[in-house]
Structures are given as C-alpha cells and as structure tokens.
>>> print(open('start-v5.cif').read())   # mmCIF, C-alpha atoms
data_my_file
#
loop_
_atom_site.label_atom_id
_atom_site.label_comp_id
_atom_site.auth_asym_id
_atom_site.auth_seq_id
_atom_site.Cartn_x
_atom_site.Cartn_y
_atom_site.Cartn_z
CA MET K 1 0.00 0.00 0.00
CA LEU K 2 1.25 3.51 -0.83
CA PHE K 3 0.91 6.25 1.75
CA LYS K 4 0.85 9.98 1.15
CA ASP K 5 4.38 10.47 2.47
CA ASP K 6 5.65 8.09 -0.23
CA LYS K 7 6.82 9.80 -3.45
CA ARG K 8 5.45 6.88 -5.43
CA TYR K 9 1.96 7.85 -4.23
CA TYR K 10 2.08 11.12 -6.11
CA PHE K 11 3.49 9.46 -9.22
CA MET K 12 0.72 6.86 -9.23
CA SER K 13 -1.88 9.51 -8.50
CA ILE K 14 -0.75 11.66 -11.44
CA ARG K 15 -0.49 8.68 -13.79
CA HIS K 16 -3.99 7.50 -12.95
CA LYS K 17 -5.40 10.98 -13.43
CA VAL K 18 -3.78 11.29 -16.85
CA ILE K 19 -5.20 7.93 -17.92
CA ALA K 20 -8.64 8.81 -16.59
CA LEU K 21 -8.65 12.20 -18.30
CA PHE K 22 -7.42 10.64 -21.54
CA LEU K 23 -10.22 8.08 -21.62
CA PHE K 24 -12.84 10.55 -20.43
CA TYR K 25 -12.15 13.13 -23.08
CA SER K 26 -11.87 10.42 -25.72
CA PHE K 27 -15.36 9.39 -24.74
CA LEU K 28 -16.61 12.97 -24.88
CA ILE K 29 -15.27 13.46 -28.38
CA ARG K 30 -16.48 10.21 -29.83
CA LYS K 31 -19.11 8.68 -27.60
CA ASP K 32 -20.60 6.95 -30.62
CA PHE K 33 -17.50 4.73 -30.94
CA LYS K 34 -19.06 1.27 -31.28
CA ARG K 35 -17.93 -1.71 -29.27
CA GLU K 36 -17.44 -3.87 -32.41
CA GLN K 37 -15.11 -1.25 -33.84
CA PHE K 38 -12.90 -1.26 -30.78
CA LYS K 39 -9.71 -2.97 -31.90
CA MET K 40 -6.47 -1.93 -30.26
CA PRO K 41 -4.46 -0.95 -33.40
CA SER K 42 -7.27 1.01 -35.02
CA PHE K 43 -8.26 2.53 -31.68
CA PHE K 44 -4.79 4.00 -31.11
CA ILE K 45 -4.64 5.28 -34.69
CA TRP K 46 -7.97 6.99 -34.06
CA VAL K 47 -6.72 8.42 -30.76
CA LYS K 48 -3.58 9.76 -32.41
CA ARG K 49 -5.70 11.56 -34.99
CA GLN K 50 -8.04 12.92 -32.34
CA MET K 51 -5.28 14.00 -29.93
CA PRO K 52 -5.42 17.71 -30.94
CA LEU K 53 -9.15 17.75 -30.15
CA ILE K 54 -8.55 15.94 -26.86
CA VAL K 55 -5.89 18.47 -25.85
CA GLU K 56 -8.16 21.34 -26.91
CA LYS K 57 -10.98 20.07 -24.70
CA ILE K 58 -8.63 19.59 -21.74
CA LEU K 59 -7.36 23.16 -22.13
CA CYS K 60 -10.94 24.42 -22.42
CA TYR K 61 -11.97 22.76 -19.16
CA ARG K 62 -8.84 24.07 -17.45
CA LYS K 63 -9.60 27.57 -18.72
CA VAL K 64 -13.10 27.45 -17.23
CA GLU K 65 -11.69 26.19 -13.93
CA LYS K 66 -9.06 28.94 -13.94
CA GLU K 67 -11.66 31.61 -14.65
CA MET K 68 -13.72 30.38 -11.70
CA GLU K 69 -10.71 30.60 -9.41
CA GLU K 70 -9.79 34.03 -10.77
CA ARG K 71 -13.06 35.30 -9.28
CA VAL K 72 -11.95 34.23 -5.83
CA PHE K 73 -12.14 37.91 -4.82
CA ALA K 74 -15.95 37.85 -5.15
CA ASP K 75 -18.00 38.01 -1.96
CA GLU K 76 -20.15 35.06 -3.06
CA PHE K 77 -17.21 32.91 -4.20
CA ARG K 78 -17.61 29.25 -3.23
CA LYS K 79 -15.63 26.23 -4.32
CA GLY K 80 -15.97 22.52 -3.63
CA PHE K 81 -13.21 19.91 -3.70
CA TRP K 82 -13.09 16.14 -4.15
CA GLN K 83 -9.31 15.72 -4.00
CA GLU K 84 -7.48 16.33 -0.74
CA GLU K 85 -4.30 17.59 -2.41
CA ASP K 86 -6.30 20.09 -4.50
CA PHE K 87 -7.97 21.47 -1.40
CA LEU K 88 -4.72 21.84 0.55
CA ALA K 89 -3.00 23.49 -2.42
CA PHE K 90 -5.93 25.91 -2.80
CA LEU K 91 -5.69 26.91 0.88
CA GLU K 92 -1.96 27.54 0.49
CA ARG K 93 -2.62 29.85 -2.46
CA ARG K 94 -5.22 31.76 -0.49
CA GLU K 95 -2.77 32.19 2.38
CA GLU K 96 -0.12 33.50 -0.03
CA ASN K 97 -2.60 36.16 -1.20
CA SER K 98 -3.58 37.15 2.34
CA GLU K 99 -2.06 38.87 5.33
CA TRP K 100 -2.80 40.13 8.81
CA GLY K 101 -2.25 43.73 9.93
CA LYS K 102 -2.60 45.40 13.32
CA VAL K 103 -3.64 49.06 13.62
CA LYS K 104 -5.20 51.33 16.20
CA SER K 105 -8.99 51.07 16.11
CA ASN K 106 -9.35 54.86 16.07
CA GLU K 107 -7.21 55.01 12.89
CA ILE K 108 -9.85 53.12 10.90
CA ARG K 109 -12.34 55.08 8.83
CA PHE K 110 -15.24 53.86 6.68
CA TYR K 111 -16.65 55.48 3.56
CA PRO K 112 -19.56 54.61 1.29
CA ILE K 113 -19.20 53.65 -2.35
CA GLU K 114 -21.47 56.13 -4.05
CA GLU K 115 -21.43 58.38 -7.08
CA GLY K 116 -19.67 61.67 -6.54
CA HIS K 117 -17.85 60.61 -3.38
CA GLN K 118 -14.14 61.47 -3.53
CA ILE K 119 -12.88 58.40 -1.62
CA SER K 120 -15.08 56.13 -3.70
CA ALA K 121 -13.66 57.62 -6.91
CA MET K 122 -10.10 57.22 -5.62
CA LEU K 123 -10.59 53.52 -4.88
CA GLU K 124 -12.25 52.88 -8.22
CA GLU K 125 -9.39 54.57 -10.06
CA LYS K 126 -6.78 52.66 -8.06
CA LEU K 127 -8.38 49.28 -8.81
CA ARG K 128 -8.94 50.05 -12.49
CA GLU K 129 -5.31 51.08 -12.93
CA THR K 130 -4.21 47.69 -11.53
CA GLY K 131 -6.63 45.73 -13.70
CA LYS K 132 -8.99 44.95 -10.81
CA ALA K 133 -12.09 46.87 -11.79
CA ASN K 134 -14.17 43.75 -11.16
CA VAL K 135 -13.19 43.91 -7.46
CA PHE K 136 -14.74 47.37 -7.23
CA GLU K 137 -17.85 46.27 -9.13
CA ASP K 138 -18.32 43.27 -6.84
CA THR K 139 -18.09 45.49 -3.75
CA LEU K 140 -20.59 47.87 -5.35
CA GLU K 141 -23.02 44.92 -5.58
CA HIS K 142 -22.56 43.94 -1.94
CA THR K 143 -21.32 45.99 1.02
CA ARG K 144 -20.74 49.30 -0.82
CA LEU K 145 -18.22 50.13 1.93
CA ILE K 146 -14.57 51.20 1.91
CA LEU K 147 -12.14 50.87 4.81
CA LYS K 148 -9.35 53.42 5.05
CA VAL K 149 -6.23 52.97 7.17
CA LYS K 150 -3.88 55.95 7.01
CA GLU K 151 -3.63 56.51 3.24
CA ASP K 152 -4.59 53.00 2.13
CA LEU K 153 -8.07 52.17 0.81
CA TYR K 154 -9.63 48.70 0.81
CA PRO K 155 -13.02 47.35 -0.31
CA VAL K 156 -14.96 45.68 2.49
CA ARG K 157 -16.15 42.10 1.95
CA SER K 158 -19.58 40.97 3.19
CA CYS K 159 -18.16 38.50 5.69
CA ALA K 160 -16.29 41.35 7.42
CA ILE K 161 -19.46 43.13 8.58
CA LYS K 162 -19.95 40.83 11.58
CA THR K 163 -16.50 41.51 13.03
CA ILE K 164 -16.67 45.23 12.16
CA LEU K 165 -19.83 45.62 14.22
CA GLU K 166 -18.32 43.59 17.05
CA ARG K 167 -15.17 45.71 17.04
CA ALA K 168 -17.26 48.89 17.00
CA ARG K 169 -19.32 47.37 19.84
CA ILE K 170 -22.66 48.00 18.18
CA SER K 171 -25.52 45.76 17.08
CA GLY K 172 -29.16 45.86 16.08
CA ASN K 173 -31.41 45.15 13.12
CA ALA K 174 -31.81 48.87 12.45
CA LEU K 175 -28.24 48.97 11.13
CA ASN K 176 -29.36 46.92 8.13
CA LYS K 177 -31.85 49.62 7.15
CA VAL K 178 -29.71 52.75 7.23
CA GLN K 179 -28.04 54.19 4.14
CA LYS K 180 -24.36 53.32 3.59
CA ALA K 181 -23.26 56.91 4.20
CA GLU K 182 -25.08 56.92 7.55
CA LEU K 183 -23.69 53.48 8.45
CA ALA K 184 -20.16 54.70 7.70
CA GLN K 185 -20.68 57.71 10.01
CA ILE K 186 -21.96 55.46 12.81
CA LEU K 187 -19.02 53.07 12.44
CA ASN K 188 -16.51 55.94 12.39
CA TYR K 189 -17.91 57.41 15.59
CA CYS K 190 -17.91 54.05 17.38
CA MET K 191 -14.43 53.10 16.14
CA GLY K 192 -13.16 56.47 17.33
CA VAL K 193 -14.15 55.71 20.90
CA ALA K 194 -13.58 51.93 20.85
CA GLY K 195 -9.93 52.12 21.89
CA GLY K 196 -7.33 49.38 21.63
CA ASP K 197 -5.98 47.68 18.55
CA ALA K 198 -7.76 46.12 15.60
CA LEU K 199 -6.49 43.07 13.72
CA LEU K 200 -7.30 43.32 10.01
CA ARG K 201 -7.57 40.33 7.67
CA PHE K 202 -6.63 41.23 4.08
CA CYS K 203 -7.60 38.51 1.62
CA GLU K 204 -7.81 38.61 -2.17
CA ASP K 205 -7.94 42.44 -2.51
CA LYS K 206 -10.55 43.00 0.20
CA ILE K 207 -10.93 43.28 3.95
CA SER K 208 -12.45 40.03 5.25
CA ALA K 209 -12.43 40.73 9.00
CA VAL K 210 -11.73 43.39 11.63
CA HIS K 211 -10.98 41.56 14.87
CA GLY K 212 -9.93 42.85 18.24
CA GLY K 213 -6.16 43.14 18.19
CA ASP K 214 -5.33 43.03 21.90
CA ALA K 215 -3.50 40.03 23.37
CA SER K 216 -6.67 38.58 24.89
CA ASP K 217 -8.68 39.03 21.70
CA TYR K 218 -8.44 37.12 18.43
CA ALA K 219 -5.78 34.42 18.09
CA VAL K 220 -4.64 33.59 14.55
CA LEU K 221 -4.64 29.89 13.63
CA GLU K 222 -3.45 29.51 10.05
CA THR K 223 -6.04 27.62 8.04
CA PRO K 224 -3.69 25.56 5.81
CA GLU K 225 -1.72 24.38 8.84
CA LEU K 226 -4.87 23.25 10.69
CA PHE K 227 -5.92 21.06 7.80
CA ARG K 228 -2.40 19.76 7.19
CA ARG K 229 -2.04 18.70 10.84
CA THR K 230 -5.43 17.00 10.76
CA VAL K 231 -4.44 15.02 7.66
CA GLU K 232 -1.18 13.96 9.30
CA TYR K 233 -3.03 12.91 12.45
CA LEU K 234 -5.49 10.80 10.45
CA GLN K 235 -2.64 9.19 8.52
CA ASP K 236 -0.92 8.23 11.78
CA ASN K 237 -3.97 7.13 13.80
CA PHE K 238 -6.78 6.09 11.43
CA SER K 239 -5.49 3.76 8.76
CA GLY K 240 -7.80 3.60 5.79
CA TYR K 241 -9.17 7.12 6.14
CA THR K 242 -10.68 8.63 2.98
CA PHE K 243 -11.12 12.26 1.98
CA ALA K 244 -14.87 12.75 1.45
CA GLY K 245 -14.94 16.35 0.23
CA ALA K 246 -14.35 19.96 1.22
CA SER K 247 -15.64 23.43 0.53
CA TYR K 248 -14.36 26.96 0.85
CA ASP K 249 -15.93 30.37 0.96
CA HIS K 250 -14.64 33.59 2.47
CA SER K 251 -16.40 32.99 5.76
CA ILE K 252 -15.49 29.36 6.42
CA ALA K 253 -13.40 26.40 5.25
CA THR K 254 -14.50 22.85 5.97
CA ALA K 255 -13.47 19.31 5.05
CA VAL K 256 -14.89 15.85 5.75
CA TRP K 257 -13.13 12.50 6.01
CA SER K 258 -14.52 8.96 6.20
CA LEU K 259 -12.74 6.77 8.75
CA GLU K 260 -12.88 3.16 7.62
CA ASN K 261 -11.85 -0.01 9.48
CA GLN K 262 -12.83 1.33 12.90
CA ASP K 263 -14.67 -1.77 14.12
CA SER K 264 -13.32 -1.45 17.65
CA LEU K 265 -14.90 1.98 18.08
CA LEU K 266 -18.17 0.92 16.48
CA GLN K 267 -18.57 -2.51 18.09
CA GLU K 268 -20.58 -1.44 21.14
CA TYR K 269 -22.66 0.95 19.03
CA ARG K 270 -23.52 -1.80 16.55
CA GLU K 271 -24.41 -4.16 19.39
CA SER K 272 -26.83 -1.58 20.80
CA LEU K 273 -28.43 -1.16 17.38
CA GLN K 274 -28.86 -4.91 17.06
CA LYS K 275 -30.28 -5.16 20.57
CA HIS K 276 -32.93 -2.54 19.75
CA GLY K 277 -33.75 -4.08 16.37
CA LEU K 278 -32.34 -1.15 14.42
CA PRO K 279 -30.26 -1.28 11.21
CA ASN K 280 -26.62 -1.87 12.11
CA GLN K 281 -24.91 -2.32 8.75
CA GLU K 282 -23.15 0.12 6.41
CA ILE K 283 -21.97 2.43 9.19
CA GLN K 284 -18.70 4.33 9.09
CA LEU K 285 -17.20 6.98 11.30
CA GLY K 286 -16.60 10.42 9.84
CA LEU K 287 -14.87 13.61 10.84
CA ARG K 288 -15.43 17.24 9.86
CA LEU K 289 -12.93 20.03 10.49
CA THR K 290 -14.26 23.56 10.22
CA THR K 291 -12.40 26.81 10.72
CA SER K 292 -12.68 30.48 9.83
CA ASP K 293 -10.53 33.60 9.75
CA THR K 294 -13.61 35.83 9.91
CA GLY K 295 -15.13 34.95 13.28
CA GLN K 296 -17.68 32.46 11.94
CA SER K 297 -16.12 29.39 13.55
CA GLY K 298 -13.31 28.23 15.77
CA ALA K 299 -11.01 25.37 14.79
CA ASN K 300 -13.70 22.76 15.42
CA LEU K 301 -13.60 18.98 15.04
CA TYR K 302 -17.01 17.33 14.59
CA PRO K 303 -17.40 13.56 14.98
CA MET K 304 -20.05 12.09 12.68
CA ILE K 305 -21.16 8.81 11.17
CA PHE K 306 -21.99 7.91 7.57
CA PHE K 307 -25.12 5.82 7.52
CA GLY K 308 -26.69 3.58 4.87
CA SER K 309 -25.83 2.80 1.27
CA GLU K 310 -26.00 6.51 0.36
CA ALA K 311 -23.59 7.41 3.20
CA ARG K 312 -25.86 10.07 4.73
CA ASN K 313 -23.89 12.05 7.29
CA ILE K 314 -25.31 12.02 10.81
CA PRO K 315 -23.79 14.57 13.23
CA LEU K 316 -22.90 13.03 16.59
CA GLY K 317 -22.53 16.20 18.62
CA SER K 318 -19.75 16.39 21.24
CA ALA K 319 -17.58 18.59 19.03
CA LEU K 320 -14.04 19.47 20.05
CA LYS K 321 -13.93 23.26 19.74
CA LEU K 322 -10.94 25.57 19.91
CA GLN K 323 -11.98 29.21 19.81
CA HIS K 324 -9.69 31.83 18.26
CA LYS K 325 -9.23 33.43 21.67
CA ASN K 326 -7.14 33.39 24.83
CA LYS K 327 -3.83 32.89 22.98
CA ALA K 328 -4.99 29.71 21.29
CA ASP K 329 -2.23 28.16 19.19
CA LEU K 330 -1.45 25.11 17.07
CA ALA K 331 -0.15 23.21 20.09
CA LYS K 332 -3.61 23.45 21.66
CA PHE K 333 -5.13 22.24 18.40
CA ASP K 334 -2.83 19.21 18.49
CA GLU K 335 -4.17 18.51 21.99
CA GLN K 336 -7.70 18.54 20.57
CA LEU K 337 -6.68 16.06 17.89
CA ASN K 338 -5.27 13.74 20.53
CA LEU K 339 -8.66 13.74 22.29
CA LEU K 340 -10.45 12.69 19.13
CA TYR K 341 -10.39 8.93 19.66
CA ALA K 342 -11.94 9.22 23.12
CA GLN K 343 -14.45 11.74 21.81
CA TYR K 344 -15.90 9.17 19.44
CA GLY K 345 -16.60 6.90 22.40
CA LYS K 346 -18.41 9.74 24.18
CA ALA K 347 -20.40 10.76 21.09
CA LEU K 348 -21.45 7.21 20.22
CA GLY K 349 -22.44 6.71 23.86
CA ASN K 350 -24.82 9.68 23.52
CA MET K 351 -26.35 8.06 20.44
CA GLN K 352 -26.83 4.80 22.35
CA SER K 353 -28.61 6.63 25.16
CA LEU K 354 -31.17 7.96 22.64
CA MET K 355 -32.13 4.36 21.83
CA ASP K 356 -33.44 3.93 25.40
CA VAL K 357 -35.61 7.07 25.37
CA TYR K 358 -39.05 6.75 23.78
CA VAL K 359 -41.59 9.31 22.66
CA LEU K 360 -45.33 8.63 22.34
CA TYR K 361 -45.95 11.28 19.70
CA PRO K 362 -42.85 11.30 17.48
CA ILE K 363 -44.20 13.72 14.85
CA ASN K 364 -44.97 16.42 17.41
CA ALA K 365 -41.70 15.79 19.23
CA MET K 366 -39.79 15.99 15.97
CA LEU K 367 -41.44 19.26 14.91
CA GLY K 368 -41.05 20.85 18.32
CA VAL K 369 -37.38 19.98 18.57
CA MET K 370 -36.62 21.17 15.04
CA LYS K 371 -38.33 24.48 15.71
CA ARG K 372 -36.36 24.79 18.95
CA VAL K 373 -32.97 24.47 17.22
CA GLY K 374 -33.82 26.62 14.20
CA VAL K 375 -34.57 24.17 11.40
CA PRO K 376 -36.51 26.05 8.69
CA LYS K 377 -40.20 25.16 8.54
CA LYS K 378 -40.13 23.86 4.95
CA TYR K 379 -37.50 21.22 5.79
CA ALA K 380 -39.17 20.35 9.09
CA MET K 381 -42.49 19.70 7.42
CA GLU K 382 -40.96 17.60 4.66
CA VAL K 383 -38.94 15.27 6.90
CA SER K 384 -41.81 14.88 9.38
CA GLU K 385 -44.22 13.98 6.59
CA ASP K 386 -41.74 11.45 5.20
CA PHE K 387 -41.49 9.93 8.67
CA ARG K 388 -45.29 9.77 8.95
CA ILE K 389 -45.55 7.96 5.60
CA GLN K 390 -42.86 5.43 6.45
CA ASN K 391 -43.52 4.83 10.15
CA GLY K 392 -46.86 6.37 11.07
CA ASN K 393 -47.13 8.29 14.32
CA VAL K 394 -46.64 5.35 16.67
CA PRO K 395 -44.27 5.47 19.67
CA CYS K 396 -40.60 4.97 18.84
CA SER K 397 -37.15 5.75 20.18
CA VAL K 398 -35.68 9.23 20.10
CA TYR K 399 -32.79 7.73 18.13
CA GLU K 400 -35.12 6.95 15.22
CA VAL K 401 -36.53 10.47 15.33
CA TYR K 402 -33.01 11.93 15.42
CA LEU K 403 -31.98 10.03 12.29
CA GLN K 404 -35.01 11.45 10.51
CA ILE K 405 -34.19 15.00 11.58
CA ALA K 406 -30.70 14.51 10.13
CA GLU K 407 -32.38 14.05 6.73
CA VAL K 408 -32.62 17.86 6.67
CA ILE K 409 -28.91 17.92 5.84
CA TYR K 410 -29.51 15.68 2.83
CA LEU K 411 -32.38 17.88 1.62
CA MET K 412 -30.17 20.95 1.80
CA GLN K 413 -27.38 19.21 -0.09
CA CYS K 414 -29.86 18.20 -2.80
CA GLU K 415 -30.63 21.90 -3.26
CA GLY K 416 -26.96 22.62 -3.86
CA ILE K 417 -26.34 24.11 -0.41
CA TYR K 418 -22.97 23.40 1.15
CA GLY K 419 -20.22 25.03 3.18
CA SER K 420 -21.09 27.23 6.15
CA LYS K 421 -24.85 26.65 5.94
CA ILE K 422 -24.44 22.87 6.10
CA VAL K 423 -21.99 23.18 9.00
CA GLN K 424 -24.40 25.41 10.91
CA MET K 425 -27.30 23.02 10.30
CA GLU K 426 -25.22 20.07 11.51
CA GLU K 427 -24.46 22.00 14.68
CA ASN K 428 -28.13 22.86 15.21
CA ILE K 429 -29.21 19.24 14.73
CA ALA K 430 -26.47 17.95 17.05
CA ARG K 431 -27.87 20.19 19.81
CA THR K 432 -31.04 18.10 19.87
CA VAL K 433 -29.08 15.19 21.38
CA HIS K 434 -28.96 17.05 24.69
CA LEU K 435 -32.54 18.39 24.81
CA ARG K 436 -35.24 17.11 27.17
CA TRP K 437 -37.32 15.29 24.58
CA LYS K 438 -40.18 14.67 27.00
CA ASP K 439 -40.86 18.41 26.96
CA TYR K 440 -41.78 18.12 23.26
CA ASP K 441 -43.66 14.81 23.42
CA ILE K 442 -47.15 16.36 23.39
CA ALA K 443 -50.43 14.98 22.10
CA GLY K 444 -52.75 16.78 19.69
CA GLU K 445 -52.19 18.72 16.50
CA TYR K 446 -48.91 20.60 16.36
CA HIS K 447 -48.99 24.27 15.35
CA TRP K 448 -45.65 25.64 14.13
#
>>> encode(input="start-v5.cif", output="structure tokens")
Amino acid sequence: MLFKDDKRYYFMSIRHKVIALFLFYSFLIRKDFKREQFKMPSFFIWVKRQMPLIVEKILCYRKVEKEMEERVFADEFRKGFWQEEDFLAFLERREENSEWGKVKSNEIRFYPIEEGHQISAMLEEKLRETGKANVFEDTLEHTRLILKVKEDLYPVRSCAIKTILERARISGNALNKVQKAELAQILNYCMGVAGGDALLRFCEDKISAVHGGDASDYAVLETPELFRRTVEYLQDNFSGYTFAGASYDHSIATAVWSLENQDSLLQEYRESLQKHGLPNQEIQLGLRLTTSDTGQSGANLYPMIFFGSEARNIPLGSALKLQHKNKADLAKFDEQLNLLYAQYGKALGNMQSLMDVYVLYPINAMLGVMKRVGVPKKYAMEVSEDFRIQNGNVPCSVYEVYLQIAEVIYLMQCEGIYGSKIVQMEENIARTVHLRWKDYDIAGEYHW
C-alpha cells in the first residue's frame, strides 16, 4: 500500500489521473464509438488523430476552472473539492494572497461607495489602474463600503461586517436599514471611541475581517496548517481514512473524512443497534474540520457517522472546539486532535442513550425539537411527513426520530447548499441530542 508520504503515491496519482482524463475526453469526443469497432491498433490510430481535439478540450476545461478561481475575490465565491491535495494546495494559495495587519482602532475610517464621493472615486481609479475593476464592481453589488487605514483604501467584503460591528461594539437590526453613508458615520464614531488595537484580515484584494487586536482578543490559527495537521493525524492514527470532500468560501473552510476499518470503536454501538432491532450495517465513522478567519467558527472537530448505502452524514454532537481566543495556538489544536479517539466513544455513547428514550408522539416531538434548534419550517415539514408515511405516528425511540431529523442535511445538499450553511445546520441538529425530549412529546395537533 502507498501512503501519502511516499513519493510513489504522487506518481501513481498523477499517472492515474492522466489515464482517466485521456479516456474521459476520448469518450466525450467520440461517444458513438461502437464496441465492435474497438480494436487496439485502429483505436490507437484513431486516438492519435483525435489528440489535438482531446488536448483542446482539456485546455478548455482548465480555462473554465481557472476563470472560476480568478473570481476568488468575489463576496459570493464558493468552491468545492473532491481531492485532498487540490484542497490543501488551494488553501496555500489563499494564504499566499492574504495577510494580517494590526492598527489602532481609532485610525480606521469607513466610507460609502457612491457616485460623486471622492474616496469612492479614488478607490475605483486605483483598482482600475491595476486591472482589478471587477473587485470594485463586486463590492458595489454587496457591502458598498470602503475601509481606510492611514492613506490606504480597501473594499470591504460581506463576511467582514460581523467583526466590524463587534469591534465597534454595536448591534441591532436597524443597522441593516440605514443608508451606507449613515452606516459609515456610525461606524466611524464608534471606532473612534472603541480604543485598543484592531487586527485586520486582508484577503484577495478586500478586507475580510476586523478583529480585536489586543493580546486577549483574536488568536490567529493559520487555516492551511490546521488542515495539514489534521491530515497527518489521520494518517498516523486512522489507517484507511478517505477524503470525502471539502468546501471553501470567504467565511469558512470545511473538510470531511470517512474513517474506515474502525470496528473497535463501532462494536458497542452496533451491538446496541442490534439489541434494539435497528439497522446496524453500512456504518462508518466520519470527521469534519471547520475553521474560519472571519469569526464564523473556531477550529472545530465534529465527529459524525456515515449511515446507509447513500452514506448520509449524521452529526454526533460532542464537538471538540478551539476558539480563536485566549492565545490559542497550534499546540492546543494538536491537543484537541489527541482527544479525538476518546471523543468518538463519548459521542457514540450519547447516540446509544437515545435508543433507550421513547416518545409517544414522534411527529410532534420531531417538529417541536426542530423548531427549537432553528430548522426552517419547509424542511421540518418535509422530513416529518416522510417519517409519517414510512412509520406512522406510533411510539418509537428518540434515536429513530433523530436520524429522521438529520435528513434535513440531505435535503439541503440536494438543493446545492454546502459550506457554512451545512456546518451550521449540523451544529443545530447535534444540539437536539442534549434536549429534554419529554418536553416536546405532546399529544394533539402541532402548530408551528
């Protein structure tokens, strides 16, 4: 077996990709190639003739992919990954195009992007001269805000608003309704009296965050290093792990791995399933790592299981969370990784306890719990109706209800939702493990 620290692994990986691409594009170009015509000599003659077209198609696909990545500055940029090395390389490139900077909070000024405004015109001219007019246009479509530090001007990215308001120590729904010029004035006044330092995150030509810059405030944990250390830990401690996918947007980065051959961890869990007459096959452990440079998430490790032939992900709760505070560093993250094995035992134990708790009115309990943790009504109604069709409304274990609630994640994924919204939903659903289910087990018709 080849491991990822073996140079032969990369050679084999590249060779297999080349072969796969070669055959795939051959198929795209001539998918009407009949089986009876497939003879090795004539096939290779045909391929030789078609090679220019094959290369042209490969370059075309690469051009599209490059164009997508070139818009990484955009506020709504999102990218998914199915290869671990591609994801890690992408994070490294983002880090190369980013930096942190510490300034005095009262040195920060905000200005609106609006016609006739001098600062707005200066920023637009600066970006156009450097061939980055699309950065200005994207900001015009979103925050319409400029951050000025001394003589430097920067567009403000949407994900920065949360930390800007926190640093200015203001909040309230009314802020969403004021004009940008008025919002800039409010922020400038509050920043002027906030005191202390501010830690700015510059990323891909925009400001992505304005954190507190004092020693007790935000602690930087480099995103590429967090994922690299997690991969190394899995390689050393979970043989047979598989990269299951990742996603990136400017607010959050997340990756999922499937942990195969973990029968020792799953043995007691499977025995409990069998004891309660519940499906106990096609179960694998999983792990999600989520982190953010913009205050959306700590460096959090989420145990999960993949269930059934479609490998639906079921959050287990009991996350290991390391907040970007109190001088958190990579050594503390390594400590969290070393707790992971024991954390699976704790999380699976919580799942087993749900098998011994029963509800008399599962539909009402399900709806009440989903409303409590913030599941949108349309998903709640759909999964509860599916449960009613399949199982009726007869008493059952909370574990069975919990698995059905987790179907919300699958529904969201089917709609093309991923990244931070999926992570947040997994967290919300995992919270239901620790609720008092009896409080929601109520007879009668449920009104949302």
>>> closest_residue(input="start-v5.cif", among="K:Ala319, K:Val433, K:Leu226, K:Ile283", to="Lys332 of chain K", atoms="all atoms listed in the file")
K:Leu226
>>> resolve_selection(input="start-v5.cif", expression="the PyMOL selection byres ((chain K and resi 344) around 9)", output="PyMOL selection string")
chain K and resi 265+285+303-304+316+318+340-343+345-349
>>> atom_distance(input="start-v5.cif", atom1="atom CA of Glu204 of chain K", atom2="atom CA of Leu147 of chain K")
14.8 Å
>>> resolve_selection(input="start-v5.cif", expression="the PyMOL selection byres ((chain K and resi 161-166) around 12)", output="JSON, numbers by chain")
{"K": [75, 105, 108, 109, 110, 142, 143, 144, 145, 146, 147, 155, 156, 157, 158, 159, 160, 167, 168, 169, 170, 171, 172, 173, 175, 176, 183, 184, 186, 187, 188, 190, 191, 194, 198, 199, 200, 201, 207, 208, 209, 210, 211, 212, 213, 217, 218, 251, 293, 294, 295, 296]}
>>> atom_distance(input="start-v5.cif", atom1="atom CA of Glu407 of chain K", atom2="atom CA of Ala365 of chain K")
15.7 Å
>>> residues_near_point(input="start-v5.cif", point="(-15.5, 29.9, 11.5)", cutoff="12 Å", atoms="all atoms listed in the file", output="PyMOL selection string")
chain K and resi 159+162-163+209+220-221+223+248-254+289-301+321-324+419-421+423-424
>>> resolve_selection(input="start-v5.cif", expression="the PyMOL selection byres ((chain K and resi 238) around 10)", output="NGL selection string")
:K and (231-237 or 239-242 or 258-262 or 341)
